[in-house]
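Coordinates from input_3.txt are shown below (compact mmCIF, C-alpha atoms and all ligand atoms).
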```txt
# COMPACT_ATOMS: atom_id res chain seq x y z
CA MET A 1 28.67 -26.19 -15.21
CA ASP A 2 30.36 -28.88 -13.13
CA LYS A 3 28.37 -31.18 -10.82
CA ASN A 4 29.24 -29.20 -7.66
CA SER A 5 28.17 -25.89 -9.15
CA GLU A 6 24.99 -27.43 -10.51
CA GLU A 7 24.13 -28.77 -7.03
CA TRP A 8 24.82 -25.36 -5.51
CA LEU A 9 22.54 -23.70 -8.05
CA GLN A 10 19.78 -26.24 -7.52
CA SER A 11 19.92 -25.89 -3.72
CA LYS A 12 19.72 -22.08 -4.05
CA LEU A 13 16.70 -22.41 -6.34
CA ARG A 14 15.03 -24.78 -3.85
CA GLU A 15 15.70 -22.26 -1.08
CA ILE A 16 14.15 -19.44 -3.12
CA LYS A 17 11.11 -21.54 -3.95
CA SER A 18 10.59 -22.29 -0.25
CA PHE A 19 9.68 -18.60 0.25
CA ASN A 20 6.06 -17.54 0.00
CA ARG A 21 5.21 -16.66 -3.56
CA TYR A 22 3.58 -13.26 -4.10
CA VAL A 23 0.57 -14.03 -6.25
CA LYS A 24 -0.44 -10.94 -8.21
CA PRO A 25 -4.21 -10.35 -8.27
CA GLU A 26 -6.37 -10.86 -11.35
CA SER A 27 -6.10 -8.42 -14.25
CA ALA A 28 -8.63 -7.24 -16.83
CA LEU A 29 -6.93 -9.58 -19.31
CA ASP A 30 -7.67 -12.56 -17.03
CA VAL A 31 -11.37 -11.61 -17.15
CA THR A 32 -11.21 -11.36 -20.95
CA LEU A 33 -9.56 -14.77 -21.26
CA GLU A 34 -11.78 -16.57 -18.76
CA ALA A 35 -15.13 -14.77 -18.99
CA GLY A 36 -14.90 -13.42 -22.54
CA ILE A 37 -15.52 -9.79 -21.54
CA GLU A 38 -13.52 -7.12 -23.39
CA ALA A 39 -10.75 -5.67 -21.21
CA GLU A 40 -12.08 -2.09 -21.63
CA LYS A 41 -15.44 -3.16 -20.21
CA VAL A 42 -13.97 -4.76 -17.10
CA ILE A 43 -14.55 -2.84 -13.85
CA LYS A 44 -11.26 -3.32 -12.02
CA LEU A 45 -11.73 -2.62 -8.34
CA ASN A 46 -9.25 -5.06 -6.81
CA GLN A 47 -5.98 -3.16 -6.24
CA ASN A 48 -6.95 0.18 -4.66
CA GLU A 49 -5.70 2.06 -7.68
CA ASN A 50 -7.04 5.59 -8.08
CA LEU A 51 -9.53 5.40 -10.94
CA PHE A 52 -11.06 8.64 -9.82
CA LEU A 53 -8.37 10.61 -11.64
CA SER A 54 -8.88 10.71 -15.36
CA LYS A 55 -6.40 8.80 -17.49
CA ASP A 56 -6.31 11.70 -19.98
CA PHE A 57 -5.41 14.22 -17.29
CA LEU A 58 -2.48 12.09 -16.09
CA CYS A 59 -1.38 11.53 -19.69
CA SER A 60 -1.37 15.29 -20.28
CA LEU A 61 1.04 15.65 -17.34
CA LEU A 62 3.20 12.94 -18.85
CA ASN A 63 3.24 14.82 -22.17
CA ASP A 64 4.55 17.92 -20.40
CA VAL A 65 7.18 15.83 -18.62
CA ILE A 66 8.41 14.28 -21.86
CA ASN A 67 9.34 17.71 -23.15
CA GLU A 68 11.23 18.57 -19.97
CA ILE A 69 13.46 15.52 -19.45
CA ASP A 70 16.54 14.11 -21.11
CA LEU A 71 16.30 10.32 -21.16
CA ARG A 72 20.04 10.01 -21.76
CA LEU A 73 20.95 11.33 -18.32
CA TYR A 74 20.97 9.97 -14.76
CA SER A 75 18.88 12.40 -12.77
CA LYS A 76 20.62 13.53 -9.60
CA GLU A 77 18.89 16.94 -9.74
CA GLY A 78 15.50 15.24 -10.12
CA GLU A 79 16.02 13.46 -6.78
CA VAL A 80 17.07 16.68 -5.04
CA GLU A 81 14.09 18.60 -6.43
CA LEU A 82 11.57 15.90 -5.53
CA LYS A 83 12.92 15.56 -1.98
CA GLU A 84 12.52 19.31 -1.55
CA ALA A 85 8.98 19.29 -2.93
CA ILE A 86 7.96 16.35 -0.72
CA GLY A 87 9.52 18.08 2.30
CA LYS A 88 7.40 21.15 1.55
CA TYR A 89 4.26 19.05 1.05
CA VAL A 90 4.60 17.26 4.40
CA GLY A 91 6.20 20.11 6.36
CA LEU A 92 9.61 18.51 6.99
CA PRO A 93 13.18 19.28 5.88
CA SER A 94 14.20 17.62 2.61
CA ASP A 95 16.89 15.53 4.30
CA TYR A 96 14.09 13.72 6.17
CA VAL A 97 12.93 12.23 2.85
CA ILE A 98 13.89 8.81 1.42
CA LEU A 99 12.87 8.11 -2.17
CA GLY A 100 12.15 4.68 -3.58
CA ASN A 101 10.72 2.71 -6.46
CA GLY A 102 7.29 2.49 -4.88
CA SER A 103 6.83 2.33 -1.11
CA ASP A 104 7.06 -1.47 -1.30
CA GLN A 105 10.67 -1.13 -2.35
CA ILE A 106 11.43 1.18 0.59
CA ILE A 107 9.68 -1.13 3.06
CA ASP A 108 11.72 -4.06 1.72
CA LEU A 109 14.92 -1.99 1.90
CA ILE A 110 14.26 -1.00 5.53
CA ILE A 111 13.62 -4.63 6.44
CA ARG A 112 16.83 -5.81 4.75
CA THR A 113 18.82 -2.96 6.27
CA PHE A 114 17.67 -3.17 9.87
CA LEU A 115 16.61 -6.78 10.48
CA GLY A 116 18.79 -9.86 10.76
CA LYS A 117 17.95 -13.51 11.36
CA ASP A 118 17.91 -12.86 15.12
CA SER A 119 15.61 -9.83 15.08
CA VAL A 120 11.86 -9.76 15.42
CA ALA A 121 9.25 -8.14 13.29
CA VAL A 122 5.85 -7.48 14.80
CA SER A 123 2.72 -6.46 13.00
CA ILE A 124 -1.03 -6.66 13.19
CA LYS A 125 -3.49 -9.12 11.66
CA PRO A 126 -5.01 -8.65 9.18
CA THR A 127 -2.75 -6.20 7.39
CA TYR A 128 -0.84 -5.53 4.18
CA SER A 129 0.93 -8.73 3.13
CA MET A 130 4.27 -7.26 2.01
CA TYR A 131 5.75 -6.88 5.51
CA LYS A 132 5.47 -10.60 6.16
CA TRP A 133 6.64 -11.45 2.65
CA SER A 134 9.83 -9.39 2.97
CA VAL A 135 10.55 -10.49 6.55
CA ASN A 136 10.10 -14.15 5.56
CA HIS A 137 12.64 -13.74 2.76
CA LEU A 138 15.16 -12.58 5.30
CA GLY A 139 14.45 -15.47 7.66
CA ALA A 140 13.59 -13.23 10.63
CA LYS A 141 10.70 -13.97 13.01
CA TYR A 142 7.36 -12.34 12.25
CA PHE A 143 4.67 -12.02 14.91
CA GLU A 144 1.10 -11.11 14.00
CA ILE A 145 -1.07 -9.61 16.71
CA PRO A 146 -4.78 -9.69 15.86
CA LEU A 147 -6.67 -6.41 15.95
CA ARG A 148 -9.43 -6.09 18.50
CA GLU A 149 -12.96 -6.87 17.37
CA ASP A 150 -13.63 -3.20 16.60
CA PHE A 151 -10.48 -3.18 14.40
CA SER A 152 -8.52 -1.12 16.95
CA LEU A 153 -4.90 -1.85 17.91
CA ASN A 154 -4.07 -4.28 20.70
CA VAL A 155 -1.27 -2.09 22.02
CA GLU A 156 -0.39 -4.32 24.99
CA GLY A 157 -0.33 -7.43 22.79
CA ILE A 158 2.03 -5.77 20.32
CA LEU A 159 4.42 -4.58 23.03
CA GLU A 160 4.28 -7.92 24.85
CA SER A 161 5.12 -9.89 21.68
CA SER A 162 8.47 -8.19 21.17
CA LYS A 163 9.53 -9.10 24.74
CA GLY A 164 12.44 -6.66 24.64
CA ASN A 165 13.87 -8.06 21.38
CA LYS A 166 14.99 -5.35 19.02
CA GLY A 167 13.33 -5.16 15.65
CA ILE A 168 10.66 -3.43 13.62
CA CYS A 169 6.98 -2.96 14.32
CA PHE A 170 4.77 -2.39 11.25
CA ILE A 171 1.54 -0.44 11.60
CA CYS A 172 -0.47 0.14 8.45
CA SER A 173 -2.78 3.13 9.03
CA PRO A 174 -5.29 3.37 7.40
CA ASN A 175 -5.01 -0.38 7.49
CA ASN A 176 -5.31 -2.56 4.42
CA PRO A 177 -7.71 -4.44 4.26
CA THR A 178 -9.86 -3.20 7.18
CA GLY A 179 -9.74 0.43 5.95
CA ASN A 180 -9.67 2.15 9.35
CA GLN A 181 -7.10 4.64 10.59
CA PHE A 182 -5.86 3.84 14.08
CA GLU A 183 -6.17 6.17 17.07
CA LEU A 184 -3.18 8.50 17.23
CA GLU A 185 -2.72 7.81 20.94
CA ASP A 186 -2.50 4.03 20.39
CA VAL A 187 0.14 4.42 17.70
CA ARG A 188 2.01 6.90 19.85
CA ALA A 189 2.02 4.44 22.78
CA ILE A 190 3.62 1.82 20.52
CA ILE A 191 6.24 4.25 19.21
CA GLU A 192 7.15 5.24 22.77
CA SER A 193 7.57 1.70 24.11
CA PHE A 194 8.51 -0.58 21.22
CA PRO A 195 12.17 -1.61 21.51
CA GLY A 196 13.17 -0.76 17.95
CA LEU A 197 11.88 1.00 14.86
CA VAL A 198 8.19 1.62 14.23
CA LEU A 199 7.25 1.81 10.56
CA VAL A 200 3.88 3.42 9.97
CA ASP A 201 2.63 2.74 6.45
CA GLU A 202 0.53 5.71 5.36
CA ALA A 203 -0.10 4.61 1.77
CA TYR A 204 -3.77 5.70 2.09
CA VAL A 205 -3.35 8.65 4.45
CA GLU A 206 -4.61 11.32 2.02
CA PHE A 207 -8.07 9.70 2.26
CA ALA A 208 -8.01 9.80 6.08
CA LYS A 209 -8.17 12.41 8.83
CA ASN A 210 -4.65 12.88 10.10
CA SER A 211 -1.04 11.88 9.54
CA LEU A 212 1.87 10.96 11.80
CA THR A 213 4.44 12.92 9.82
CA LYS A 214 4.39 15.69 12.42
CA LEU A 215 5.73 13.17 14.96
CA VAL A 216 8.77 12.27 12.88
CA LYS A 217 10.76 15.15 14.38
CA LYS A 218 9.87 14.07 17.90
CA TYR A 219 10.52 10.31 17.76
CA LYS A 220 13.92 8.94 16.76
CA ASN A 221 12.52 5.48 15.99
CA LEU A 222 9.63 6.46 13.71
CA ILE A 223 9.61 5.93 9.95
CA VAL A 224 6.50 6.84 7.93
CA THR A 225 6.15 5.42 4.42
CA ARG A 226 3.97 7.02 1.76
CA THR A 227 3.29 6.69 -1.94
CA PHE A 228 2.23 8.43 -5.15
CA SER A 229 0.36 5.25 -6.17
CA LYS A 230 -2.94 5.91 -4.40
CA ALA A 231 -4.08 9.53 -3.88
CA PHE A 232 -2.00 10.71 -6.85
CA GLY A 233 -2.93 7.90 -9.24
CA LEU A 234 0.60 6.94 -10.29
CA ALA A 235 0.69 3.25 -9.31
CA GLY A 236 2.17 2.30 -12.67
CA VAL A 237 5.04 4.77 -12.35
CA ARG A 238 6.34 3.39 -9.01
CA ILE A 239 7.18 6.36 -6.78
CA GLY A 240 7.22 6.00 -3.03
CA TYR A 241 8.90 7.82 -0.19
CA ALA A 242 9.57 7.53 3.50
CA LEU A 243 9.99 10.16 6.19
CA SER A 244 12.25 9.83 9.18
CA ASN A 245 14.76 11.96 11.07
CA SER A 246 17.74 13.00 8.95
CA GLU A 247 20.12 10.51 10.59
CA ILE A 248 18.01 7.50 9.58
CA SER A 249 16.97 8.99 6.25
CA THR A 250 20.52 9.82 5.21
CA ALA A 251 21.75 6.37 6.26
CA ILE A 252 19.03 4.65 4.22
CA PHE A 253 18.94 6.89 1.16
CA GLU A 254 22.66 7.64 0.79
CA TYR A 255 24.15 4.34 1.98
CA ALA A 256 21.59 1.55 1.53
CA GLN A 257 19.35 2.59 -1.37
CA LEU A 258 20.54 1.82 -4.90
CA PRO A 259 21.69 4.96 -6.68
CA TYR A 260 19.15 6.22 -9.21
CA SER A 261 16.41 3.88 -8.00
CA LEU A 262 13.75 6.21 -9.47
CA ASN A 263 13.60 6.95 -13.17
CA CYS A 264 13.64 10.52 -14.49
CA ILE A 265 10.04 10.29 -15.77
CA GLY A 266 8.71 9.33 -12.35
CA LEU A 267 10.76 11.98 -10.57
CA ARG A 268 9.47 14.73 -12.83
CA LEU A 269 5.86 13.49 -12.81
CA ALA A 270 5.79 13.40 -9.01
CA LEU A 271 7.15 16.94 -8.96
CA LYS A 272 4.37 18.07 -11.34
CA VAL A 273 1.74 16.45 -9.12
CA LEU A 274 2.99 18.31 -6.07
CA GLU A 275 3.04 21.59 -8.03
CA MET A 276 -0.70 21.20 -8.62
CA VAL A 277 -1.56 19.38 -5.41
CA ASP A 278 -4.76 21.40 -4.88
CA ARG A 279 -6.24 19.91 -8.03
CA PHE A 280 -5.53 16.42 -6.65
CA LYS A 281 -6.99 17.37 -3.27
CA LYS A 282 -10.28 18.21 -5.01
CA SER A 283 -10.38 14.78 -6.59
CA ILE A 284 -9.58 13.18 -3.21
CA ASP A 285 -12.56 15.03 -1.70
CA GLY A 286 -14.75 13.72 -4.53
CA LEU A 287 -13.55 10.20 -3.91
CA LYS A 288 -14.29 10.47 -0.18
CA GLU A 289 -17.85 11.59 -0.94
CA GLU A 290 -18.29 8.70 -3.33
CA ARG A 291 -16.90 6.32 -0.67
CA GLU A 292 -19.61 7.33 1.79
CA LYS A 293 -22.30 6.84 -0.88
CA LEU A 294 -20.89 3.42 -1.78
CA MET A 295 -20.81 2.43 1.89
CA GLY A 296 -24.49 3.30 2.27
CA ARG A 297 -25.42 1.41 -0.88
CA LEU A 298 -23.46 -1.67 0.20
CA ASN A 299 -25.12 -1.71 3.60
CA SER A 300 -28.53 -1.49 1.99
CA ILE A 301 -28.00 -4.77 0.09
CA LYS A 302 -29.52 -7.72 1.93
CA GLY A 303 -26.78 -10.14 3.05
CA VAL A 304 -23.97 -7.56 2.83
CA ARG A 305 -22.24 -5.68 5.65
CA ALA A 306 -19.71 -2.93 4.89
CA PHE A 307 -17.17 -1.50 7.33
CA LYS A 308 -16.32 2.16 7.77
CA SER A 309 -13.29 3.23 5.78
CA ASP A 310 -10.67 5.98 5.92
CA ALA A 311 -9.08 4.77 2.67
CA ASN A 312 -10.03 4.49 -1.02
CA PHE A 313 -11.47 1.01 -0.54
CA ILE A 314 -14.13 -0.69 1.54
CA LEU A 315 -14.05 -4.05 3.30
CA PHE A 316 -17.37 -5.88 3.22
CA GLN A 317 -18.75 -9.18 4.40
CA VAL A 318 -21.15 -11.30 2.40
CA MET A 319 -23.47 -13.91 3.89
CA LYS A 320 -23.37 -16.10 0.76
CA PRO A 321 -20.13 -18.12 0.18
CA TYR A 322 -17.64 -15.35 -0.60
CA GLU A 323 -15.68 -17.32 -3.19
CA LYS A 324 -18.86 -17.82 -5.19
CA VAL A 325 -19.72 -14.13 -4.87
CA PHE A 326 -16.20 -13.28 -6.09
CA ASN A 327 -16.53 -15.69 -9.06
CA ASP A 328 -20.00 -14.44 -9.99
CA LEU A 329 -18.74 -10.83 -9.97
CA PHE A 330 -15.75 -11.94 -12.07
CA ASP A 331 -18.08 -13.54 -14.62
CA LYS A 332 -20.00 -10.24 -14.82
CA GLY A 333 -16.73 -8.37 -15.49
CA VAL A 334 -16.30 -6.87 -12.01
CA LEU A 335 -13.02 -7.52 -10.18
CA VAL A 336 -12.87 -7.20 -6.39
CA ARG A 337 -10.33 -8.63 -3.92
CA LYS A 338 -10.86 -11.94 -2.14
CA ILE A 339 -9.99 -11.51 1.54
CA GLY A 340 -11.75 -14.35 3.39
CA LYS A 341 -11.84 -14.46 7.18
CA VAL A 342 -11.06 -11.22 9.03
CA LEU A 343 -10.79 -11.87 12.80
CA ASN A 344 -14.10 -13.64 13.49
CA LEU A 345 -15.83 -12.33 10.37
CA GLU A 346 -16.20 -15.01 7.71
CA GLY A 347 -16.48 -14.27 4.00
CA CYS A 348 -14.94 -10.83 3.46
CA LEU A 349 -14.19 -9.09 0.17
CA ARG A 350 -12.60 -5.71 -0.55
CA VAL A 351 -13.62 -3.21 -3.19
CA THR A 352 -11.85 -0.07 -4.45
CA VAL A 353 -13.97 3.07 -4.64
CA GLY A 354 -14.21 3.76 -8.37
CA LEU A 355 -15.92 6.39 -10.49
CA PRO A 356 -19.72 6.57 -10.00
CA TYR A 357 -20.45 4.51 -13.15
CA MET A 358 -18.01 1.79 -11.96
CA ASN A 359 -19.58 1.70 -8.51
CA ASP A 360 -23.04 1.49 -10.16
CA ARG A 361 -21.95 -1.55 -12.19
CA PHE A 362 -20.46 -3.16 -9.07
CA ILE A 363 -23.53 -2.51 -6.90
CA GLU A 364 -25.87 -3.72 -9.63
CA ALA A 365 -23.88 -6.96 -10.03
CA LEU A 366 -23.52 -7.55 -6.28
CA THR A 367 -27.21 -6.91 -5.67
CA SER A 368 -28.25 -9.47 -8.27
CA ILE A 369 -25.83 -12.02 -6.78
CA SER A 370 -26.54 -11.42 -3.09
CA GLU A 371 -30.30 -11.05 -2.90
C1 LIG A 401 -0.78 -0.55 2.71
C2 LIG A 401 0.03 -0.49 1.47
N1 LIG A 401 1.28 -0.06 1.53
C3 LIG A 401 2.05 0.02 0.43
C4 LIG A 401 1.55 -0.35 -0.80
C5 LIG A 401 2.46 -0.31 -1.99
O1 LIG A 401 2.46 0.90 -2.59
P1 LIG A 401 3.49 1.26 -3.73
O2 LIG A 401 2.74 1.26 -5.00
O3 LIG A 401 4.01 2.60 -3.33
O4 LIG A 401 4.60 0.24 -3.71
C6 LIG A 401 0.24 -0.79 -0.92
C7 LIG A 401 -0.29 -1.19 -2.22
O5 LIG A 401 -1.39 -1.63 -2.40
C8 LIG A 401 -0.55 -0.88 0.25
O6 LIG A 401 -1.81 -1.32 0.22
```

Mind converting the file's structure to structure tokens?
Ligand SMILES: Cc1ncc(COP(=O)(O)O)c(C=O)c1O
Amino acid sequence: MDKNSEEWLQSKLREIKSFNRYVKPESALDVTLEAGIEAEKVIKLNQNENLFLSKDFLCSLLNDVINEIDLRLYSKEGEVELKEAIGKYVGLPSDYVILGNGSDQIIDLIIRTFLGKDSVAVSIKPTYSMYKWSVNHLGAKYFEIPLREDFSLNVEGILESSKGNKGICFICSPNNPTGNQFELEDVRAIIESFPGLVLVDEAYVEFAKNSLTKLVKKYKNLIVTRTFSKAFGLAGVRIGYALSNSEISTAIFEYAQLPYSLNCIGLRLALKVLEMVDRFKKSIDGLKEEREKLMGRLNSIKGVRAFKSDANFILFQVMKPYEKVFNDLFDKGVLVRKIGKVLNLEGCLRVTVGLPYMNDRFIEALTSISE
């Protein structure tokens, strides 16, 4: 490499390293290495994965899939079939569906496709970190409008912040990390008046009361993103989708998305899940029941306050220093997510709703630390 090229490369690397780094949360292996607890004994409740579905059941689906696919082929038919099945599941035509390698990849694609350096992105605070991460990479402006004290949307604040500039507004509902689903009327008011696209992230919607997908036909500027990672337990497979009118969906999926962005295993697995969706709905109901129990148990621990959730996780505040609570749980083999300050609430943590025995271990550990 000559000196000029080397300088160019180094300046590009400096530019890349000036972006925010996405730090992946702790894994079971980290607990093994640092606290000496075997990985199988670690209670991993820090990434809102769906532990409520049995690993064996999902593996049996994978076994079926393996006999049905041909790994040597690119799977155009798989995409067509999955779009049709998703359309049926949500009650929309299949050309309203965009497929992606996890909903993160679709969110990033939408940001790269629709935003430029001069556009604005508006979202709420606190919320899912990926919107800001992707917007920052692009160099566009990102405004964060704090939720109101009761975790509801500040509709006026959101509309005011865009000041007529075109762009994208991100609403995560149910919101990560607060867990609440926003009032339909508030979201609708934003869709009607925001001068650009409104992306509603419904990653956790199956655990909540209602969905905005029925509004996709009505509003030209609405995109709803969803995933198979949460309710359907396939986080490791990476299957996400978005729903928007056919004009937007076709533009994104046929012109902007990489061809064959989903692998044939994921496509077929997702199809299988939707074929037996009632079985998954039963497990979702079980998880919701367990969530309410966990909420009650958290609130009965002295020095702990848990917030109502419409998702598969619960935000809670601890009166003791939260970093110490996190570390003490870690040392006992229980992984939760460090959140910190949420609006004016100091010391928040987030926990995934796990199977009853996992929640027991978590509650037992937290009780001994907090009281
Ligand atoms: C709100 C929200 N949206 C999207 C995602 C990403 O989901 P996926 O696995 O489909 O990329 C997550 C993952 O935790 C999330 O919390």

Nearby residues, ligand LIG 401 (chain A), 8 Å, only C-alpha atoms and all ligand atoms, as JSON, numbers by chain: {"A": [47, 48, 49, 101, 102, 103, 104, 105, 127, 128, 130, 172, 173, 174, 175, 176, 177, 201, 202, 203, 204, 225, 226, 227, 228, 229, 230, 235, 236, 238, 239, 240, 241]}

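The nearest approach to Gln257 (chain A) among the residues A:Leu13, A:Glu289, A:Asp108, A:Arg21, with all atoms listed in the file taken into account, belongs to A:Asp108.
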
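Near Asn154 (chain A), within a cut-off of 12 Å and counting all atoms listed in the file, sit the residues Val122, Ser123, Ile124, Lys125, Glu144, Ile145, Pro146, Leu147, Arg148, Glu149, Asp150, Phe151, Ser152, Glu156, Gly157, Ile158, Leu159, Glu160, Ser161, Ile171, Phe182, Glu183, Asp186, Val187, Ala189 and Ile190 of chain A, with same-chain residues fewer than 2 positions away left out.
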
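Residue nearest Arg350 (chain A), chosen from A:Leu45, A:Leu262, A:Val224, A:Val155 and counting only C-alpha atoms: A:Leu45.
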
When you look at Tyr22 (chain A) with a cut-off of 12 Å (counting all atoms listed in the file), what residues show up, excluding the ones that are within fewer than 4 positions of it in the same chain? I need them as a compact mmCIF listing (two decimals) with C-alpha atoms, in the frame of the given file.
```txt
# COMPACT_ATOMS: atom_id res chain seq x y z
CA LYS A 17 11.11 -21.54 -3.95
CA SER A 129 0.93 -8.73 3.13
CA MET A 130 4.27 -7.26 2.01
CA TYR A 131 5.75 -6.88 5.51
CA LYS A 132 5.47 -10.60 6.16
CA TRP A 133 6.64 -11.45 2.65
CA SER A 134 9.83 -9.39 2.97
CA ASN A 136 10.10 -14.15 5.56
CA HIS A 137 12.64 -13.74 2.76
```

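Distance annotation: of A:Val120, A:Gly78, A:Leu29, A:Ile314, the residue with the minimal separation from Ile43 (chain A) is A:Leu29; atom set is only C-alpha atoms.
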
Set the distance at 12 Å and use all atoms listed in the file: which residues neighbour Val277 (chain A) once local chain neighbours fewer than 2 positions away are removed? I'd like the list as a ChimeraX atom specification. /A:85-86,88-90,206,228,231-232,270-275,279-284
